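Enquirer: What follows is work.cif; its format and atoms are mmCIF, C-alpha atoms.
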data_data
#
loop_
_atom_site.label_atom_id
_atom_site.label_comp_id
_atom_site.auth_asym_id
_atom_site.auth_seq_id
_atom_site.Cartn_x
_atom_site.Cartn_y
_atom_site.Cartn_z
CA MET C 105 -46.84 -76.93 74.34
CA GLN C 106 -46.54 -73.72 72.37
CA ARG C 107 -46.62 -70.12 73.46
CA VAL C 108 -49.23 -68.56 71.17
CA THR C 109 -50.79 -65.22 70.30
CA ARG C 110 -54.04 -67.12 69.67
CA ALA C 111 -55.28 -70.68 69.23
CA SER C 112 -58.54 -72.45 68.60
CA VAL C 113 -59.99 -75.89 68.11
CA THR C 114 -62.88 -76.61 65.75
CA VAL C 115 -65.08 -79.70 65.48
CA GLY C 116 -67.07 -79.72 62.25
CA ASP C 117 -68.16 -76.12 61.80
CA GLU C 118 -68.17 -75.31 65.53
CA VAL C 119 -65.33 -73.59 67.39
CA VAL C 120 -65.33 -75.53 70.67
CA GLY C 121 -62.40 -73.76 72.32
CA ALA C 122 -60.42 -70.59 71.66
CA ILE C 123 -57.88 -68.45 73.46
CA GLY C 124 -55.92 -65.27 73.00
CA PRO C 125 -52.30 -64.96 74.13
CA GLY C 126 -51.13 -67.87 76.24
CA LEU C 127 -50.32 -71.56 75.84
CA CYS C 128 -51.63 -74.20 73.45
CA VAL C 129 -51.06 -77.51 75.23
CA LEU C 130 -51.27 -80.80 73.35
CA VAL C 131 -51.59 -83.52 76.00
CA GLY C 132 -50.58 -87.10 75.30
CA VAL C 133 -51.30 -89.84 77.83
CA THR C 134 -49.48 -93.17 77.97
CA HIS C 135 -50.19 -96.33 79.93
CA GLY C 136 -49.39 -95.93 83.60
CA ASP C 137 -49.95 -92.18 83.68
CA GLY C 138 -52.20 -91.12 86.52
CA ALA C 139 -53.78 -88.18 88.30
CA ASP C 140 -50.48 -87.33 90.01
CA GLN C 141 -48.77 -86.77 86.65
CA ALA C 142 -51.74 -84.71 85.44
CA ARG C 143 -51.55 -82.46 88.50
CA LYS C 144 -47.77 -82.07 88.16
CA LEU C 145 -48.14 -81.18 84.49
CA ALA C 146 -50.74 -78.51 85.28
CA ALA C 147 -48.49 -77.00 87.97
CA LYS C 148 -45.51 -76.99 85.63
CA LEU C 149 -47.53 -75.33 82.86
CA TRP C 150 -48.87 -72.70 85.27
CA HIS C 151 -45.46 -71.76 86.67
CA LEU C 152 -43.14 -72.26 83.67
CA ARG C 153 -41.38 -68.97 82.94
CA ILE C 154 -41.73 -68.70 79.18
CA MET C 155 -43.96 -65.64 78.81
CA ALA C 156 -42.30 -62.39 77.79
CA ASP C 157 -41.77 -59.65 80.36
CA ASP C 158 -41.87 -55.91 79.50
CA GLU C 159 -38.44 -56.20 77.89
CA GLY C 160 -39.30 -59.25 75.78
CA VAL C 161 -37.36 -61.69 77.98
CA MET C 162 -38.96 -65.06 78.81
CA ASN C 163 -39.17 -64.29 82.50
CA ARG C 164 -42.86 -64.59 83.36
CA SER C 165 -45.28 -67.47 83.70
CA VAL C 166 -48.94 -67.79 82.75
CA ALA C 167 -49.55 -67.28 86.48
CA ASP C 168 -47.86 -63.87 86.18
CA THR C 169 -49.83 -62.79 83.11
CA SER C 170 -53.39 -62.78 81.89
CA GLY C 171 -52.44 -65.60 79.52
CA GLU C 172 -54.98 -68.27 78.65
CA VAL C 173 -54.50 -72.00 78.11
CA LEU C 174 -55.98 -74.23 75.41
CA VAL C 175 -55.77 -77.93 76.42
CA VAL C 176 -56.19 -80.45 73.60
CA SER C 177 -55.93 -84.23 73.83
CA GLN C 178 -53.35 -85.58 71.36
CA PHE C 179 -52.82 -89.35 71.41
CA THR C 180 -50.59 -89.16 68.34
CA LEU C 181 -47.80 -87.74 70.50
CA TYR C 182 -47.15 -91.36 71.44
CA GLY C 183 -46.92 -92.53 67.83
CA ASP C 184 -43.94 -94.85 67.39
CA THR C 185 -42.28 -94.95 63.96
CA THR C 186 -39.23 -97.06 64.87
CA GLY C 187 -40.71 -100.20 63.29
CA GLY C 188 -41.25 -98.90 59.80
CA ARG C 189 -43.23 -96.30 57.90
CA ARG C 190 -46.58 -96.74 59.60
CA PRO C 191 -46.87 -95.37 63.16
CA SER C 192 -47.89 -97.64 66.00
CA TRP C 193 -50.17 -96.19 68.67
CA ILE C 194 -49.60 -98.97 71.22
CA LYS C 195 -47.90 -96.58 73.66
CA ALA C 196 -50.89 -94.22 73.67
CA ALA C 197 -53.44 -94.78 76.42
CA GLY C 198 -56.95 -95.59 75.28
CA PRO C 199 -59.65 -92.95 75.51
CA ASP C 200 -61.20 -94.33 78.70
CA GLU C 201 -57.83 -94.02 80.45
CA ALA C 202 -56.73 -90.75 78.83
CA GLU C 203 -59.87 -88.62 78.97
CA PRO C 204 -60.07 -88.22 82.77
CA LEU C 205 -56.37 -87.30 82.91
CA VAL C 206 -56.67 -84.64 80.22
CA GLU C 207 -59.70 -83.30 82.09
CA THR C 208 -57.64 -83.27 85.31
CA VAL C 209 -54.97 -81.11 83.64
CA ALA C 210 -57.64 -78.59 82.60
CA ALA C 211 -59.37 -78.67 86.00
CA GLU C 212 -56.10 -78.16 87.89
CA LEU C 213 -55.20 -75.20 85.68
CA ARG C 214 -58.63 -73.69 86.38
CA ALA C 215 -58.09 -74.25 90.11
CA PHE C 216 -54.86 -72.25 89.84
CA GLY C 217 -56.88 -69.43 88.28
CA ALA C 218 -56.19 -69.96 84.59
CA SER C 219 -58.71 -69.20 81.89
CA VAL C 220 -58.86 -72.59 80.13
CA ALA C 221 -60.46 -73.69 76.88
CA THR C 222 -60.45 -77.29 75.70
CA GLY C 223 -60.95 -79.42 72.67
CA ARG C 224 -63.58 -82.13 72.51
CA PHE C 225 -62.45 -85.66 73.28
CA ARG C 226 -63.09 -88.47 70.76
CA THR C 227 -63.74 -86.11 67.85
CA ASP C 228 -61.86 -85.08 64.74
CA MET C 229 -60.49 -81.73 65.89
CA GLN C 230 -58.94 -79.02 63.74
CA VAL C 231 -56.38 -77.12 65.82
CA GLU C 232 -55.27 -73.70 64.62
CA LEU C 233 -52.59 -71.67 66.35
CA VAL C 234 -50.26 -68.76 65.84
CA ASN C 235 -46.94 -69.33 67.59
CA ASP C 236 -45.64 -66.41 69.63
CA GLY C 237 -42.00 -66.58 68.67
CA PRO C 238 -40.04 -69.80 68.48
CA VAL C 239 -41.37 -71.22 71.76
CA THR C 240 -42.41 -74.85 71.50
CA LEU C 241 -41.49 -77.21 74.33
CA LEU C 242 -41.95 -80.89 75.13
CA LEU C 243 -42.79 -81.32 78.82
CA GLU C 244 -42.72 -84.64 80.63
CA VAL C 245 -43.44 -85.24 84.29
CA ASP C 246 -42.77 -88.25 86.49
#
As structure tokens, what does this structure read like?

Expert:
Amino acid sequence: MQRVTRASVTVGDEVVGAIGPGLCVLVGVTHGDGADQARKLAAKLWHLRIMADDEGVMNRSVADTSGEVLVVSQFTLYGDTTGGRRPSWIKAAGPDEAEPLVETVAAELRAFGASVATGRFRTDMQVELVNDGPVTLLLEVD
């Protein structure tokens, strides 16, 4: 997850999702993840105090701002390189398992009131983003 000034995802020549200031969230799903983890992740993203306040201090959340959220599926987050030079994707959930959970994250954020854009599952996506300061975090939920 990165705090961004803008981010977009393109498939072919079509921009399928774009946001202004807010969060670009790359979501990886592993075996055993479920709807409960997806809901917890959405709540954590919504309430995490990493947005700048009027004095530039990370003291506000997306819930406190008009920030937007771009949610993009990213199975490669579970790439394992401990066995050599070629990554293994065995820890990444398959698309039939992962897609509904990524959709749940986006839906939960919308239910909170977030303006959410998404990538397009099972496509070759080009993600472009401009980081807003050095704010990139790895979030995991139980």

Enquirer: If you apply the PyMOL selection byres ((chain C and resi 227-231) around 8) to this file, what residues do you get, as number ranges by chain?

Expert: C: 111-116, 223-226, 232-233

Enquirer: Just want the 9 Å neighbourhood of range 191-200 of chain C, counted on all atoms listed in the file, with same-chain residues fewer than 6 positions away dropped. Output as a list in words.

Expert: Gly132, Val133, Thr134, His135, Gly136, Asp137, Phe179, Thr180, Leu181, Tyr182, Gly183, Asp184, Thr185, Phe225 and Arg226 of chain C

Enquirer: Keeping only C-alpha atoms, write those residues as a JSON list (two decimals), keeping the file's coordinate frame.

Expert:
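Result file selection_39.json:
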[["chain", "number", "residue", "atom", "x", "y", "z"],
["C", 132, "GLY", "CA", -50.58, -87.10, 75.30],
["C", 133, "VAL", "CA", -51.30, -89.84, 77.83],
["C", 134, "THR", "CA", -49.48, -93.17, 77.97],
["C", 135, "HIS", "CA", -50.19, -96.33, 79.93],
["C", 136, "GLY", "CA", -49.39, -95.93, 83.60],
["C", 137, "ASP", "CA", -49.95, -92.18, 83.68],
["C", 179, "PHE", "CA", -52.82, -89.35, 71.41],
["C", 180, "THR", "CA", -50.59, -89.16, 68.34],
["C", 181, "LEU", "CA", -47.80, -87.74, 70.50],
["C", 182, "TYR", "CA", -47.15, -91.36, 71.44],
["C", 183, "GLY", "CA", -46.92, -92.53, 67.83],
["C", 184, "ASP", "CA", -43.94, -94.85, 67.39],
["C", 185, "THR", "CA", -42.28, -94.95, 63.96],
["C", 225, "PHE", "CA", -62.45, -85.66, 73.28],
["C", 226, "ARG", "CA", -63.09, -88.47, 70.76]]

Enquirer: For Val220 in chain C, list every protein, DNA or RNA residue within 7 Å, evaluated using all atoms listed in the file, and leave out those in the same chain fewer than 4 positions away; present the list as a list in words.

Expert: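 Contacts, with the query itself left out: Glu172, Val173, Leu174, Ala210 and Arg214 of chain C.
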
Enquirer: Considering only C-alpha atoms, return as a PDB file with C-alpha atoms, in the coordinates of the input whatever protein or nucleic-acid residues lie within 12 Å of Gln141 in chain C, sequence-local ones (same chain, fewer than 5 positions apart) excluded.

Expert:
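Final file, result-v8.pdb:
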ATOM      1  CA  VAL C 131     -51.590 -83.520  76.000  1.00  0.00           C
ATOM      2  CA  GLY C 132     -50.580 -87.100  75.300  1.00  0.00           C
ATOM      3  CA  VAL C 133     -51.300 -89.840  77.830  1.00  0.00           C
ATOM      4  CA  THR C 134     -49.480 -93.170  77.970  1.00  0.00           C
ATOM      5  CA  HIS C 135     -50.190 -96.330  79.930  1.00  0.00           C
ATOM      6  CA  GLY C 136     -49.390 -95.930  83.600  1.00  0.00           C
ATOM      7  CA  ALA C 146     -50.740 -78.510  85.280  1.00  0.00           C
ATOM      8  CA  ALA C 147     -48.490 -77.000  87.970  1.00  0.00           C
ATOM      9  CA  LYS C 148     -45.510 -76.990  85.630  1.00  0.00           C
ATOM     10  CA  ALA C 202     -56.730 -90.750  78.830  1.00  0.00           C
ATOM     11  CA  LEU C 205     -56.370 -87.300  82.910  1.00  0.00           C
ATOM     12  CA  VAL C 206     -56.670 -84.640  80.220  1.00  0.00           C
ATOM     13  CA  THR C 208     -57.640 -83.270  85.310  1.00  0.00           C
ATOM     14  CA  VAL C 209     -54.970 -81.110  83.640  1.00  0.00           C
ATOM     15  CA  GLU C 212     -56.100 -78.160  87.890  1.00  0.00           C
ATOM     16  CA  LEU C 243     -42.790 -81.320  78.820  1.00  0.00           C
ATOM     17  CA  GLU C 244     -42.720 -84.640  80.630  1.00  0.00           C
ATOM     18  CA  VAL C 245     -43.440 -85.240  84.290  1.00  0.00           C
ATOM     19  CA  ASP C 246     -42.770 -88.250  86.490  1.00  0.00           C
TER      20      ASP C 246
END

Enquirer: Mind listing whatever residues come within 9 Å of the point (-44.8, -74.9, 70.9)? Use all atoms listed in the file, file coordinates, and give them as a list of chain:residue names.

Expert: C:Met105, C:Gln106, C:Arg107, C:Val108, C:Leu127, C:Cys128, C:Val129, C:Asn235, C:Asp236, C:Pro238, C:Val239, C:Thr240, C:Leu241, C:Leu242

Enquirer: Quick one: axis-aligned box around all listed atoms of range 184-198 of chain C, 8 Å on every side, centre and edge lengths in Å to one decimal, written as AutoDock Vina command-line options.

Expert:
--center_x -48.1 --center_y -97.2 --center_z 67.2 --size_x 33.7 --size_y 22.0 --size_z 34.5

Enquirer: Carefully work through the PyMOL selection byres ((chain C and resi 153-160) around 8) for this structure and note down the residues it includes, as a short mmCIF file (atom, residue, chain, number, x, y, z; two decimals) with C-alpha atoms, keeping the file's coordinate frame.

Expert:
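Written file, selection-v6.cif:
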data_model
loop_
_atom_site.label_atom_id
_atom_site.label_comp_id
_atom_site.auth_asym_id
_atom_site.auth_seq_id
_atom_site.Cartn_x
_atom_site.Cartn_y
_atom_site.Cartn_z
CA ARG C 107 -46.62 -70.12 73.46
CA GLY C 126 -51.13 -67.87 76.24
CA HIS C 151 -45.46 -71.76 86.67
CA LEU C 152 -43.14 -72.26 83.67
CA VAL C 161 -37.36 -61.69 77.98
CA MET C 162 -38.96 -65.06 78.81
CA ASN C 163 -39.17 -64.29 82.50
CA ARG C 164 -42.86 -64.59 83.36
CA SER C 165 -45.28 -67.47 83.70
CA VAL C 166 -48.94 -67.79 82.75
CA THR C 169 -49.83 -62.79 83.11
CA VAL C 239 -41.37 -71.22 71.76
#

Enquirer: Counting all atoms listed in the file, which of C:Ile123, C:Ala221, C:Val234, C:Ala139 gets nearest to Val175 in chain C?

Expert: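 Closest to Val175 in chain C, using all atoms listed in the file: C:Ala221.
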
Enquirer: Rounded to one decimal in Å, what is the spacing between CA of Thr222 in chain C and CA of Gly121 in chain C?

Expert: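 Computed distance, CA of Thr222 in chain C to CA of Gly121 in chain C, equals 5.3 Å.
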
Enquirer: Go through C:Gly138, C:Gly124, C:Arg143, C:Arg110 and flag the residue nearest Leu213 in chain C, using all atoms listed in the file for the distances.

Expert: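 Checking each of C:Gly138, C:Gly124, C:Arg143, C:Arg110 against Leu213 in chain C, counting all atoms listed in the file, the winner is C:Arg143.
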